[in-house]
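First the structure, in the form of structure tokens, and then the observations on it.
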Amino acid sequence: MNKKKSSIFSGMLGNNIVLSSLMVVSPVIICGDTLKNAAALVYAFSAITFLSVMISSFVPTKLSYTVKIIIYAIISSFVYIPVKLAAQEFFPGAVERIGIYFPLLAVNSLIIFRSEAELYKLPKDHMIVKLIFYILGFDAVMIATGFVRELFAYGTINGRIVDVNTPVIGLAQPFGGFIFLGLFCGLYRCIRSAVINKKEDIRSDADVSCK
Amino acid sequence: MFLVNDLIALLATNLILTQALGTSTLFIAAGSRKNLVGTAFMITIFTFAGSVSAYLADKLLPEKYSDFKLLIYVISISMLYVIILSALYFISRNNFENSRKYIHLSVFNCAVMGTLLTVSGRASENTSILKYMAAGLEAGTGFIISALILTAAYRKLNSANVPAAFRGFPAMMIYLGIISMAVYSLI
């Protein structure tokens, strides 16, 4: 039961869609250079993915894989339209700054492929919780990336100047995004394996004490 | 000299190295020669044929309905998806079983959709269909070049010499970052 529960919540840390599965990495690499961009992407990804997956979950499972994939993509392209219109109201200038990565979020692998392979096989309540944690996982990575890259590339936090002696301007470029995400991914794996090892140790200690 | 110029132009406009489009698919493609050929071939077909539909959509869709552009691109790629799957099924059923995974992997891929959106964003009213098609072909070729660059180091980046936490994806990401930095210096 605990294992089942932890697998539902694992989307945020243990099985993060960006750091673990390398899904939706292009917006993180290219647009995750400031907190403002990160916030706009968080909004767009969360809204498009949640609404699209929820609506797509009503698509009959009996249809063939190809037909289902096409229907999911069409649904998310429809959902993209009101989300974009709302973004123009709440995040003025963000749609232009993010450019092609905004519509690309509508055909992300979580909506099109992961949902079909994993989410729709779960009971509805589990699916919703798991989806929310997947989305939160992306949001956390996006915000952390935006924060660190803005701080070290521009010497600002959300546009406010802070005291950074030597800004690393390259961190705002696509190659900086690649390298940063690679390092972030490695750090994440390091922490994850340390946590798993610790849990294993605790379990084996418990076994010894029981004996 | 022309070849060198063309190669530099291909690198400078490379969708993966400059825009990070299709990165995760690239990692799958670089895994084996078979995957590389299959994925690169399918992505090139989708970007090439998709760019024609992007041209038609851009020319025929009134400006006030530009929000529906993505939907039209998705419908065009979906039609292409069905046509390619059906054609492969009727041509050779044995090949269909082996090759369909590359079609599923390439459709709605960031490299494909990103190409259509980039080509459309760069186009002006006078841009001809040939330029759209050339951009589609360029994107496919760019994917092949990036995949070849990654394939060259794939084994070493996945070897036991790399620390466990960085083995595989993280090391490949850093490697792509370094290549991307070199390409950035050409722009």
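Starting from 1 in every chain, residues are counted up; chains themselves are A, B, ... following the order of the structure tokens, and ligands are numbered from 1 as listed.
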Neighbouring residues of Ser26 (chain A) were defined as those with any atom within 6 Å, considering only C-alpha atoms; residues of the same chain fewer than 2 positions away were excluded. Please report them as a VMD selection string. (chain A and resid 24 28 to 29) or (chain B and resid 20 to 21)
Could you save the residues just selected, with N, CA and C atoms, as a PDB file, in the first residue's frame?
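Result file is out.pdb:
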```pdb
ATOM      1  N   VAL A  24       9.933  17.192 -21.892  1.00  0.00           N
ATOM      2  CA  VAL A  24       9.727  18.655 -21.898  1.00  0.00           C
ATOM      3  C   VAL A  24      11.013  19.402 -21.519  1.00  0.00           C
ATOM      4  N   VAL A  28      12.759  24.207 -20.878  1.00  0.00           N
ATOM      5  CA  VAL A  28      13.609  24.436 -19.692  1.00  0.00           C
ATOM      6  C   VAL A  28      14.985  24.954 -20.140  1.00  0.00           C
ATOM      7  N   ILE A  29      15.513  24.370 -21.203  1.00  0.00           N
ATOM      8  CA  ILE A  29      16.850  24.759 -21.678  1.00  0.00           C
ATOM      9  C   ILE A  29      16.832  26.155 -22.300  1.00  0.00           C
TER      10      ILE A  29
ATOM     11  N   ALA B  20      17.387  23.355 -28.954  1.00  0.00           N
ATOM     12  CA  ALA B  20      17.109  22.206 -28.077  1.00  0.00           C
ATOM     13  C   ALA B  20      15.823  21.463 -28.441  1.00  0.00           C
ATOM     14  N   LEU B  21      15.454  21.483 -29.724  1.00  0.00           N
ATOM     15  CA  LEU B  21      14.213  20.807 -30.134  1.00  0.00           C
ATOM     16  C   LEU B  21      14.488  19.337 -30.451  1.00  0.00           C
TER      17      LEU B  21
END
```
As JSON, numbers by chain, could you give me every residue of chain B near chain A (at most 9 Å apart, counting only C-alpha atoms)? {"B": [16, 17, 18, 19, 20, 21, 22, 23, 24, 67, 68, 70, 71, 72, 74, 75, 78, 81, 82, 104, 108, 109, 110, 113, 114, 117, 118, 121, 164, 165, 166, 167, 169, 170, 171, 172, 173, 174, 175, 176, 177, 178, 179, 180, 181, 182, 184]}
Just to be explicit: take each residue in the selection above, keep C-alpha atoms, and write the result as a tab-separated table (two decimals), in the first residue's frame.
```tsv
chain	number	residue	atom	x	y	z
B	16	ILE	CA	18.83	20.70	-31.59
B	17	LEU	CA	22.07	22.53	-30.95
B	18	THR	CA	20.60	26.04	-31.12
B	19	GLN	CA	16.99	25.50	-30.00
B	20	ALA	CA	17.11	22.21	-28.08
B	21	LEU	CA	14.21	20.81	-30.13
B	22	GLY	CA	13.91	17.02	-30.09
B	23	THR	CA	16.67	16.47	-27.52
B	24	SER	CA	15.16	13.41	-25.83
B	67	ASP	CA	-4.34	31.00	-32.85
B	68	PHE	CA	-5.67	28.00	-34.77
B	70	LEU	CA	-1.15	24.88	-34.05
B	71	LEU	CA	-4.41	22.96	-34.46
B	72	ILE	CA	-4.01	22.96	-38.24
B	74	VAL	CA	-1.46	19.01	-35.63
B	75	ILE	CA	-4.23	17.92	-38.03
B	78	SER	CA	-1.92	13.54	-37.99
B	81	TYR	CA	0.95	9.98	-39.64
B	82	VAL	CA	-2.01	7.92	-40.82
B	104	HIS	CA	5.22	6.77	-33.33
B	108	PHE	CA	4.30	15.23	-32.62
B	109	ASN	CA	7.95	15.33	-31.70
B	110	CYS	CA	9.39	18.71	-30.69
B	113	MET	CA	6.34	20.57	-34.51
B	114	GLY	CA	9.15	23.00	-33.64
B	117	LEU	CA	6.48	26.67	-35.98
B	118	THR	CA	10.00	28.01	-36.60
B	121	GLY	CA	7.67	32.29	-37.66
B	164	ALA	CA	27.15	6.70	-11.90
B	165	ALA	CA	25.12	9.86	-11.23
B	166	PHE	CA	26.27	11.48	-14.48
B	167	ARG	CA	26.31	8.37	-16.66
B	169	PHE	CA	21.53	11.43	-19.95
B	170	PRO	CA	23.33	13.98	-17.72
B	171	ALA	CA	26.70	13.38	-19.43
B	172	MET	CA	25.06	13.48	-22.88
B	173	MET	CA	23.35	16.74	-21.96
B	174	ILE	CA	26.65	18.32	-20.88
B	175	TYR	CA	28.32	16.98	-24.05
B	176	LEU	CA	25.57	18.51	-26.20
B	177	GLY	CA	26.04	21.77	-24.28
B	178	ILE	CA	29.72	21.84	-25.18
B	179	ILE	CA	28.95	21.11	-28.86
B	180	SER	CA	26.23	23.76	-28.76
B	181	MET	CA	28.78	26.23	-27.33
B	182	ALA	CA	31.07	25.51	-30.28
B	184	TYR	CA	27.24	29.27	-30.90
```
Please report, as a PyMOL selection string, each residue of region 24-73 of chain A to which DSSP assigns alpha helix (DSSP H) when run on this structure's backbone. chain A and resi 25-31+35-56+65-73
Taking only C-alpha atoms into account, which of A:Leu122, A:Ala40, A:Thr61, A:Phe45 comes nearest Gln88 (chain A)?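 Checking each candidate against Gln88 (chain A), we get A:Ala40 as the closest.
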B:Gly142, B:Gly31, B:Pro163, B:Pro62: which is nearest Ile43 (chain B), counting only C-alpha atoms?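 Looking at the shortest contact to Ile43 (chain B), the residue is B:Gly142.
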Output as a VMD selection string all residues of region 40-193 of chain A that backbone DSSP marks as strand (DSSP E). chain A and resid 156 to 157 160 to 161
Take the residues that were just selected and, keeping C-alpha atoms, output them as a PDB file, in the first residue's frame.
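Just written: again_21.pdb:
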```pdb
ATOM      1  CA  THR A 156      19.133  39.577 -10.830  1.00  0.00           C
ATOM      2  CA  ILE A 157      16.259  37.811  -9.081  1.00  0.00           C
ATOM      3  CA  ARG A 160      15.799  43.000  -9.205  1.00  0.00           C
ATOM      4  CA  ILE A 161      19.543  43.513  -9.123  1.00  0.00           C
TER       5      ILE A 161
END
```
Contacts of Ser57 (chain A) at 10 Å or less, counting only C-alpha atoms, minus same-chain residues fewer than 3 places along, as JSON, numbers by chain? {"A": [51, 52, 53, 54, 60, 61, 72, 115, 116, 119, 120, 121, 124, 127]}
Nearest to Leu10 (chain B): which of B:Ser146, B:Ser76, B:Thr151, B:Asn161 is it, counting only C-alpha atoms?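 Of all the options, B:Ser146 lies closest to Leu10 (chain B).
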